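Text of entry_10.cif, listed as mmCIF, N, CA and C atoms:
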data_query
#
loop_
_atom_site.label_atom_id
_atom_site.label_comp_id
_atom_site.auth_asym_id
_atom_site.auth_seq_id
_atom_site.Cartn_x
_atom_site.Cartn_y
_atom_site.Cartn_z
N MET A 1 -18.88 1.59 -10.56
CA MET A 1 -19.39 2.82 -10.01
C MET A 1 -18.53 3.97 -10.53
N ALA A 2 -19.18 5.00 -10.94
CA ALA A 2 -18.48 6.18 -11.43
C ALA A 2 -17.85 6.93 -10.26
N LYS A 3 -16.74 7.53 -10.51
CA LYS A 3 -16.04 8.31 -9.48
C LYS A 3 -16.18 9.78 -9.80
N LYS A 4 -16.20 10.61 -8.75
CA LYS A 4 -16.24 12.06 -8.91
C LYS A 4 -14.90 12.62 -8.49
N LYS A 5 -14.45 13.64 -9.20
CA LYS A 5 -13.24 14.33 -8.80
C LYS A 5 -13.62 15.45 -7.84
N PHE A 6 -12.76 15.66 -6.84
CA PHE A 6 -13.04 16.65 -5.82
C PHE A 6 -11.72 17.23 -5.35
N ASN A 7 -11.58 18.53 -5.40
CA ASN A 7 -10.35 19.17 -4.95
C ASN A 7 -10.40 19.39 -3.45
N ILE A 8 -9.29 19.10 -2.78
CA ILE A 8 -9.20 19.34 -1.34
C ILE A 8 -7.92 20.11 -1.03
N THR A 9 -7.93 20.76 0.11
CA THR A 9 -6.76 21.50 0.56
C THR A 9 -6.19 20.78 1.78
N LEU A 10 -4.89 20.53 1.74
CA LEU A 10 -4.24 19.81 2.83
C LEU A 10 -3.02 20.58 3.31
N ASP A 11 -2.72 20.42 4.58
CA ASP A 11 -1.49 20.96 5.15
C ASP A 11 -0.33 20.23 4.47
N PRO A 12 0.62 20.95 3.89
CA PRO A 12 1.73 20.31 3.18
C PRO A 12 2.52 19.33 4.05
N GLU A 13 2.70 19.65 5.32
CA GLU A 13 3.44 18.75 6.20
C GLU A 13 2.66 17.45 6.44
N VAL A 14 1.35 17.58 6.61
CA VAL A 14 0.52 16.39 6.81
C VAL A 14 0.53 15.54 5.54
N LEU A 15 0.42 16.18 4.40
CA LEU A 15 0.44 15.47 3.13
C LEU A 15 1.76 14.73 2.95
N ASP A 16 2.87 15.40 3.20
CA ASP A 16 4.18 14.76 3.06
C ASP A 16 4.31 13.55 3.99
N GLU A 17 3.88 13.73 5.23
CA GLU A 17 3.97 12.63 6.19
C GLU A 17 3.07 11.47 5.77
N PHE A 18 1.86 11.79 5.30
CA PHE A 18 0.96 10.74 4.82
C PHE A 18 1.60 9.98 3.66
N CYS A 19 2.15 10.72 2.71
CA CYS A 19 2.77 10.08 1.55
C CYS A 19 3.93 9.18 1.97
N ASN A 20 4.73 9.64 2.93
CA ASN A 20 5.84 8.82 3.41
C ASN A 20 5.35 7.53 4.06
N CYS A 21 4.32 7.64 4.88
CA CYS A 21 3.77 6.47 5.57
C CYS A 21 3.01 5.55 4.61
N SER A 22 2.20 6.12 3.77
CA SER A 22 1.33 5.32 2.92
C SER A 22 2.08 4.65 1.77
N SER A 23 3.22 5.20 1.38
CA SER A 23 3.97 4.62 0.26
C SER A 23 4.44 3.21 0.59
N LYS A 24 4.61 2.91 1.87
CA LYS A 24 5.02 1.56 2.28
C LYS A 24 3.97 0.53 1.90
N TYR A 25 2.73 0.96 1.86
CA TYR A 25 1.62 0.05 1.62
C TYR A 25 0.97 0.23 0.25
N GLY A 26 1.44 1.20 -0.51
CA GLY A 26 0.86 1.46 -1.82
C GLY A 26 -0.51 2.12 -1.75
N THR A 27 -0.78 2.81 -0.65
CA THR A 27 -2.07 3.45 -0.43
C THR A 27 -2.08 4.84 -1.06
N SER A 28 -3.10 5.11 -1.85
CA SER A 28 -3.24 6.44 -2.44
C SER A 28 -4.10 7.29 -1.52
N ILE A 29 -3.98 8.58 -1.67
CA ILE A 29 -4.77 9.51 -0.86
C ILE A 29 -6.26 9.29 -1.12
N SER A 30 -6.63 9.18 -2.38
CA SER A 30 -8.05 9.06 -2.70
C SER A 30 -8.66 7.77 -2.15
N SER A 31 -7.93 6.67 -2.23
CA SER A 31 -8.50 5.42 -1.70
C SER A 31 -8.59 5.47 -0.18
N TRP A 32 -7.62 6.10 0.47
CA TRP A 32 -7.64 6.22 1.93
C TRP A 32 -8.82 7.10 2.37
N ILE A 33 -9.01 8.22 1.67
CA ILE A 33 -10.12 9.12 2.00
C ILE A 33 -11.45 8.40 1.79
N GLU A 34 -11.56 7.64 0.72
CA GLU A 34 -12.81 6.92 0.46
C GLU A 34 -13.12 5.93 1.58
N VAL A 35 -12.11 5.19 2.04
CA VAL A 35 -12.30 4.24 3.13
C VAL A 35 -12.73 4.98 4.40
N LYS A 36 -12.06 6.08 4.71
CA LYS A 36 -12.41 6.84 5.92
C LYS A 36 -13.81 7.43 5.82
N MET A 37 -14.21 7.86 4.63
CA MET A 37 -15.56 8.40 4.46
C MET A 37 -16.60 7.30 4.67
N LYS A 38 -16.34 6.11 4.15
CA LYS A 38 -17.26 4.99 4.35
C LYS A 38 -17.36 4.63 5.83
N GLU A 39 -16.23 4.64 6.54
CA GLU A 39 -16.25 4.38 7.97
C GLU A 39 -17.09 5.43 8.70
N PHE A 40 -16.91 6.69 8.33
CA PHE A 40 -17.67 7.78 8.95
C PHE A 40 -19.16 7.60 8.70
N ILE A 41 -19.54 7.28 7.48
CA ILE A 41 -20.95 7.08 7.13
C ILE A 41 -21.54 5.94 7.95
N GLU A 42 -20.82 4.84 8.05
CA GLU A 42 -21.30 3.70 8.82
C GLU A 42 -21.47 4.06 10.30
N GLU A 43 -20.51 4.78 10.85
CA GLU A 43 -20.60 5.21 12.25
C GLU A 43 -21.81 6.12 12.46
N GLU A 44 -22.04 7.03 11.53
CA GLU A 44 -23.19 7.94 11.65
C GLU A 44 -24.50 7.18 11.57
N LYS A 45 -24.58 6.17 10.71
CA LYS A 45 -25.79 5.35 10.62
C LYS A 45 -26.03 4.59 11.92
N GLU A 46 -24.95 4.06 12.50
CA GLU A 46 -25.08 3.34 13.77
C GLU A 46 -25.53 4.29 14.88
N LEU A 47 -24.96 5.48 14.92
CA LEU A 47 -25.37 6.46 15.94
C LEU A 47 -26.83 6.86 15.77
N GLU A 48 -27.26 7.03 14.54
CA GLU A 48 -28.66 7.40 14.30
C GLU A 48 -29.59 6.28 14.74
N GLU A 49 -29.18 5.04 14.52
CA GLU A 49 -29.99 3.91 14.96
C GLU A 49 -30.09 3.89 16.49
N ILE A 50 -28.99 4.16 17.16
CA ILE A 50 -28.99 4.22 18.63
C ILE A 50 -29.89 5.34 19.11
N ARG A 51 -29.82 6.50 18.44
CA ARG A 51 -30.68 7.63 18.82
C ARG A 51 -32.15 7.27 18.66
N LYS A 52 -32.47 6.57 17.56
CA LYS A 52 -33.87 6.16 17.35
C LYS A 52 -34.33 5.22 18.45
N GLN A 53 -33.47 4.31 18.85
CA GLN A 53 -33.83 3.36 19.91
C GLN A 53 -34.04 4.10 21.23
N ILE A 54 -33.19 5.07 21.52
CA ILE A 54 -33.33 5.84 22.76
C ILE A 54 -34.63 6.64 22.74
N ARG A 55 -34.92 7.27 21.57
CA ARG A 55 -36.16 8.04 21.45
C ARG A 55 -37.37 7.14 21.60
N ALA A 56 -37.29 5.93 21.06
CA ALA A 56 -38.41 4.99 21.15
C ALA A 56 -38.66 4.59 22.60
N LYS A 57 -37.60 4.43 23.35
CA LYS A 57 -37.74 4.07 24.77
C LYS A 57 -38.37 5.22 25.55
N LYS A 58 -38.02 6.45 25.16
CA LYS A 58 -38.55 7.62 25.84
C LYS A 58 -39.95 7.96 25.36
N GLY A 59 -40.33 7.40 24.22
CA GLY A 59 -41.65 7.68 23.67
C GLY A 59 -41.71 8.98 22.88
N THR A 60 -40.57 9.44 22.36
CA THR A 60 -40.53 10.64 21.53
C THR A 60 -40.11 10.27 20.13
N LYS A 61 -40.27 11.22 19.23
CA LYS A 61 -39.85 10.96 17.84
C LYS A 61 -38.60 11.66 17.52
#
For the structure just supplied, provide its representation as structure tokens.
Amino acid sequence: MAKKKFNITLDPEVLDEFCNCSSKYGTSISSWIEVKMKEFIEEEKELEEIRKQIRAKKGTK
């Protein structure tokens, strides 16, 4: 899968703390962000499915 480059702005203190913590595990910022984005997408899909089920019970679309 091709990757896209994307510039982000981070609080320097948060970045430093992340780097200090993540260096223990060899985690890069980009891989961590990708995992968190996938988690977010999955959660949103689950919530949408729940909303559809609730709407179906109520008889609305």
- Check the DSSP output for the backbone and give back, as a list in words, the residues of range 7-46 of chain A in alpha helix (DSSP H). Pro12, Glu13, Val14, Leu15, Asp16, Glu17, Phe18, Cys19, Asn20, Cys21, Ser22, Ile29, Ser30, Ser31, Trp32, Ile33, Glu34, Val35, Lys36, Met37, Lys38, Glu39, Phe40, Ile41, Glu42, Glu43, Glu44, Lys45 and Glu46 of chain A
Those same residues, written as a PDB file, in the coordinates of the input with N, CA and C atoms?
ATOM      1  N   PRO A  12       0.620  20.950   3.890  1.00  0.00           N
ATOM      2  CA  PRO A  12       1.730  20.310   3.180  1.00  0.00           C
ATOM      3  C   PRO A  12       2.520  19.330   4.050  1.00  0.00           C
ATOM      4  N   GLU A  13       2.700  19.650   5.320  1.00  0.00           N
ATOM      5  CA  GLU A  13       3.440  18.750   6.200  1.00  0.00           C
ATOM      6  C   GLU A  13       2.660  17.450   6.440  1.00  0.00           C
ATOM      7  N   VAL A  14       1.350  17.580   6.610  1.00  0.00           N
ATOM      8  CA  VAL A  14       0.520  16.390   6.810  1.00  0.00           C
ATOM      9  C   VAL A  14       0.530  15.540   5.540  1.00  0.00           C
ATOM     10  N   LEU A  15       0.420  16.180   4.400  1.00  0.00           N
ATOM     11  CA  LEU A  15       0.440  15.470   3.130  1.00  0.00           C
ATOM     12  C   LEU A  15       1.760  14.730   2.950  1.00  0.00           C
ATOM     13  N   ASP A  16       2.870  15.400   3.200  1.00  0.00           N
ATOM     14  CA  ASP A  16       4.180  14.760   3.060  1.00  0.00           C
ATOM     15  C   ASP A  16       4.310  13.550   3.990  1.00  0.00           C
ATOM     16  N   GLU A  17       3.880  13.730   5.230  1.00  0.00           N
ATOM     17  CA  GLU A  17       3.970  12.630   6.190  1.00  0.00           C
ATOM     18  C   GLU A  17       3.070  11.470   5.770  1.00  0.00           C
ATOM     19  N   PHE A  18       1.860  11.790   5.300  1.00  0.00           N
ATOM     20  CA  PHE A  18       0.960  10.740   4.820  1.00  0.00           C
ATOM     21  C   PHE A  18       1.600   9.980   3.660  1.00  0.00           C
ATOM     22  N   CYS A  19       2.150  10.720   2.710  1.00  0.00           N
ATOM     23  CA  CYS A  19       2.770  10.080   1.550  1.00  0.00           C
ATOM     24  C   CYS A  19       3.930   9.180   1.970  1.00  0.00           C
ATOM     25  N   ASN A  20       4.730   9.640   2.930  1.00  0.00           N
ATOM     26  CA  ASN A  20       5.840   8.820   3.410  1.00  0.00           C
ATOM     27  C   ASN A  20       5.350   7.530   4.060  1.00  0.00           C
ATOM     28  N   CYS A  21       4.320   7.640   4.880  1.00  0.00           N
ATOM     29  CA  CYS A  21       3.770   6.470   5.570  1.00  0.00           C
ATOM     30  C   CYS A  21       3.010   5.550   4.610  1.00  0.00           C
ATOM     31  N   SER A  22       2.200   6.120   3.770  1.00  0.00           N
ATOM     32  CA  SER A  22       1.330   5.320   2.920  1.00  0.00           C
ATOM     33  C   SER A  22       2.080   4.650   1.770  1.00  0.00           C
ATOM     34  N   ILE A  29      -3.980   8.580  -1.670  1.00  0.00           N
ATOM     35  CA  ILE A  29      -4.770   9.510  -0.860  1.00  0.00           C
ATOM     36  C   ILE A  29      -6.260   9.290  -1.120  1.00  0.00           C
ATOM     37  N   SER A  30      -6.630   9.180  -2.380  1.00  0.00           N
ATOM     38  CA  SER A  30      -8.050   9.060  -2.700  1.00  0.00           C
ATOM     39  C   SER A  30      -8.660   7.770  -2.150  1.00  0.00           C
ATOM     40  N   SER A  31      -7.930   6.670  -2.230  1.00  0.00           N
ATOM     41  CA  SER A  31      -8.500   5.420  -1.700  1.00  0.00           C
ATOM     42  C   SER A  31      -8.590   5.470  -0.180  1.00  0.00           C
ATOM     43  N   TRP A  32      -7.620   6.100   0.470  1.00  0.00           N
ATOM     44  CA  TRP A  32      -7.640   6.220   1.930  1.00  0.00           C
ATOM     45  C   TRP A  32      -8.820   7.100   2.370  1.00  0.00           C
ATOM     46  N   ILE A  33      -9.010   8.220   1.670  1.00  0.00           N
ATOM     47  CA  ILE A  33     -10.120   9.120   2.000  1.00  0.00           C
ATOM     48  C   ILE A  33     -11.450   8.400   1.790  1.00  0.00           C
ATOM     49  N   GLU A  34     -11.560   7.640   0.720  1.00  0.00           N
ATOM     50  CA  GLU A  34     -12.810   6.920   0.460  1.00  0.00           C
ATOM     51  C   GLU A  34     -13.120   5.930   1.580  1.00  0.00           C
ATOM     52  N   VAL A  35     -12.110   5.190   2.040  1.00  0.00           N
ATOM     53  CA  VAL A  35     -12.300   4.240   3.130  1.00  0.00           C
ATOM     54  C   VAL A  35     -12.730   4.980   4.400  1.00  0.00           C
ATOM     55  N   LYS A  36     -12.060   6.080   4.710  1.00  0.00           N
ATOM     56  CA  LYS A  36     -12.410   6.840   5.920  1.00  0.00           C
ATOM     57  C   LYS A  36     -13.810   7.430   5.820  1.00  0.00           C
ATOM     58  N   MET A  37     -14.210   7.860   4.630  1.00  0.00           N
ATOM     59  CA  MET A  37     -15.560   8.400   4.460  1.00  0.00           C
ATOM     60  C   MET A  37     -16.600   7.300   4.670  1.00  0.00           C
ATOM     61  N   LYS A  38     -16.340   6.110   4.150  1.00  0.00           N
ATOM     62  CA  LYS A  38     -17.260   4.990   4.350  1.00  0.00           C
ATOM     63  C   LYS A  38     -17.360   4.630   5.830  1.00  0.00           C
ATOM     64  N   GLU A  39     -16.230   4.640   6.540  1.00  0.00           N
ATOM     65  CA  GLU A  39     -16.250   4.380   7.970  1.00  0.00           C
ATOM     66  C   GLU A  39     -17.090   5.430   8.700  1.00  0.00           C
ATOM     67  N   PHE A  40     -16.910   6.690   8.330  1.00  0.00           N
ATOM     68  CA  PHE A  40     -17.670   7.780   8.950  1.00  0.00           C
ATOM     69  C   PHE A  40     -19.160   7.600   8.700  1.00  0.00           C
ATOM     70  N   ILE A  41     -19.540   7.280   7.480  1.00  0.00           N
ATOM     71  CA  ILE A  41     -20.950   7.080   7.130  1.00  0.00           C
ATOM     72  C   ILE A  41     -21.540   5.940   7.950  1.00  0.00           C
ATOM     73  N   GLU A  42     -20.820   4.840   8.050  1.00  0.00           N
ATOM     74  CA  GLU A  42     -21.300   3.700   8.820  1.00  0.00           C
ATOM     75  C   GLU A  42     -21.470   4.060  10.300  1.00  0.00           C
ATOM     76  N   GLU A  43     -20.510   4.780  10.850  1.00  0.00           N
ATOM     77  CA  GLU A  43     -20.600   5.210  12.250  1.00  0.00           C
ATOM     78  C   GLU A  43     -21.810   6.120  12.460  1.00  0.00           C
ATOM     79  N   GLU A  44     -22.040   7.030  11.530  1.00  0.00           N
ATOM     80  CA  GLU A  44     -23.190   7.940  11.650  1.00  0.00           C
ATOM     81  C   GLU A  44     -24.500   7.180  11.570  1.00  0.00           C
ATOM     82  N   LYS A  45     -24.580   6.170  10.710  1.00  0.00           N
ATOM     83  CA  LYS A  45     -25.790   5.350  10.620  1.00  0.00           C
ATOM     84  C   LYS A  45     -26.030   4.590  11.920  1.00  0.00           C
ATOM     85  N   GLU A  46     -24.950   4.060  12.500  1.00  0.00           N
ATOM     86  CA  GLU A  46     -25.080   3.340  13.770  1.00  0.00           C
ATOM     87  C   GLU A  46     -25.530   4.290  14.880  1.00  0.00           C
TER      88      GLU A  46
END
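Rounded to one decimal, CA of Lys58 in chain A and CA of Glu46 in chain A lie 18.6 Å from each other.
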- Note on the structure: What separates CA of Asp11 in chain A and CA of Glu42 in chain A is a distance of 26.5 Å
Using the file's own x, y and z axes, so that the box edges lie along x, y and z, what centre and edge lengths in Å (one decimal) does a box around every listed atom of range 1-4 of chain A get when 8 Å is added on each side? Give it as JSON.
{"center_x": -17.1, "center_y": 7.1, "center_z": -10.0, "size_x": 20.5, "size_y": 27.0, "size_z": 18.9}
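The spacing separating CA of Glu43 in chain A from CA of Ala56 in chain A amounts to 19.9 Å.
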Evaluate the PyMOL selection byres (((chain A and resi 30 and name CA) around 12) and name CA) here and jot the selected residues down as a PDB file with N, CA and C atoms, in the coordinates of the input.
ATOM      1  N   LYS A   3     -16.740   7.530 -10.510  1.00  0.00           N
ATOM      2  CA  LYS A   3     -16.040   8.310  -9.480  1.00  0.00           C
ATOM      3  C   LYS A   3     -16.180   9.780  -9.800  1.00  0.00           C
ATOM      4  N   LYS A   4     -16.200  10.610  -8.750  1.00  0.00           N
ATOM      5  CA  LYS A   4     -16.240  12.060  -8.910  1.00  0.00           C
ATOM      6  C   LYS A   4     -14.900  12.620  -8.490  1.00  0.00           C
ATOM      7  N   LYS A   5     -14.450  13.640  -9.200  1.00  0.00           N
ATOM      8  CA  LYS A   5     -13.240  14.330  -8.800  1.00  0.00           C
ATOM      9  C   LYS A   5     -13.620  15.450  -7.840  1.00  0.00           C
ATOM     10  N   PHE A   6     -12.760  15.660  -6.840  1.00  0.00           N
ATOM     11  CA  PHE A   6     -13.040  16.650  -5.820  1.00  0.00           C
ATOM     12  C   PHE A   6     -11.720  17.230  -5.350  1.00  0.00           C
ATOM     13  N   ASN A   7     -11.580  18.530  -5.400  1.00  0.00           N
ATOM     14  CA  ASN A   7     -10.350  19.170  -4.950  1.00  0.00           C
ATOM     15  C   ASN A   7     -10.400  19.390  -3.450  1.00  0.00           C
ATOM     16  N   ILE A   8      -9.290  19.100  -2.780  1.00  0.00           N
ATOM     17  CA  ILE A   8      -9.200  19.340  -1.340  1.00  0.00           C
ATOM     18  C   ILE A   8      -7.920  20.110  -1.030  1.00  0.00           C
ATOM     19  N   PHE A  18       1.860  11.790   5.300  1.00  0.00           N
ATOM     20  CA  PHE A  18       0.960  10.740   4.820  1.00  0.00           C
ATOM     21  C   PHE A  18       1.600   9.980   3.660  1.00  0.00           C
ATOM     22  N   CYS A  19       2.150  10.720   2.710  1.00  0.00           N
ATOM     23  CA  CYS A  19       2.770  10.080   1.550  1.00  0.00           C
ATOM     24  C   CYS A  19       3.930   9.180   1.970  1.00  0.00           C
ATOM     25  N   SER A  22       2.200   6.120   3.770  1.00  0.00           N
ATOM     26  CA  SER A  22       1.330   5.320   2.920  1.00  0.00           C
ATOM     27  C   SER A  22       2.080   4.650   1.770  1.00  0.00           C
ATOM     28  N   GLY A  26       1.440   1.200  -0.510  1.00  0.00           N
ATOM     29  CA  GLY A  26       0.860   1.460  -1.820  1.00  0.00           C
ATOM     30  C   GLY A  26      -0.510   2.120  -1.750  1.00  0.00           C
ATOM     31  N   THR A  27      -0.780   2.810  -0.650  1.00  0.00           N
ATOM     32  CA  THR A  27      -2.070   3.450  -0.430  1.00  0.00           C
ATOM     33  C   THR A  27      -2.080   4.840  -1.060  1.00  0.00           C
ATOM     34  N   SER A  28      -3.100   5.110  -1.850  1.00  0.00           N
ATOM     35  CA  SER A  28      -3.240   6.440  -2.440  1.00  0.00           C
ATOM     36  C   SER A  28      -4.100   7.290  -1.520  1.00  0.00           C
ATOM     37  N   ILE A  29      -3.980   8.580  -1.670  1.00  0.00           N
ATOM     38  CA  ILE A  29      -4.770   9.510  -0.860  1.00  0.00           C
ATOM     39  C   ILE A  29      -6.260   9.290  -1.120  1.00  0.00           C
ATOM     40  N   SER A  31      -7.930   6.670  -2.230  1.00  0.00           N
ATOM     41  CA  SER A  31      -8.500   5.420  -1.700  1.00  0.00           C
ATOM     42  C   SER A  31      -8.590   5.470  -0.180  1.00  0.00           C
ATOM     43  N   TRP A  32      -7.620   6.100   0.470  1.00  0.00           N
ATOM     44  CA  TRP A  32      -7.640   6.220   1.930  1.00  0.00           C
ATOM     45  C   TRP A  32      -8.820   7.100   2.370  1.00  0.00           C
ATOM     46  N   ILE A  33      -9.010   8.220   1.670  1.00  0.00           N
ATOM     47  CA  ILE A  33     -10.120   9.120   2.000  1.00  0.00           C
ATOM     48  C   ILE A  33     -11.450   8.400   1.790  1.00  0.00           C
ATOM     49  N   GLU A  34     -11.560   7.640   0.720  1.00  0.00           N
ATOM     50  CA  GLU A  34     -12.810   6.920   0.460  1.00  0.00           C
ATOM     51  C   GLU A  34     -13.120   5.930   1.580  1.00  0.00           C
ATOM     52  N   VAL A  35     -12.110   5.190   2.040  1.00  0.00           N
ATOM     53  CA  VAL A  35     -12.300   4.240   3.130  1.00  0.00           C
ATOM     54  C   VAL A  35     -12.730   4.980   4.400  1.00  0.00           C
ATOM     55  N   LYS A  36     -12.060   6.080   4.710  1.00  0.00           N
ATOM     56  CA  LYS A  36     -12.410   6.840   5.920  1.00  0.00           C
ATOM     57  C   LYS A  36     -13.810   7.430   5.820  1.00  0.00           C
ATOM     58  N   MET A  37     -14.210   7.860   4.630  1.00  0.00           N
ATOM     59  CA  MET A  37     -15.560   8.400   4.460  1.00  0.00           C
ATOM     60  C   MET A  37     -16.600   7.300   4.670  1.00  0.00           C
TER      61      MET A  37
END
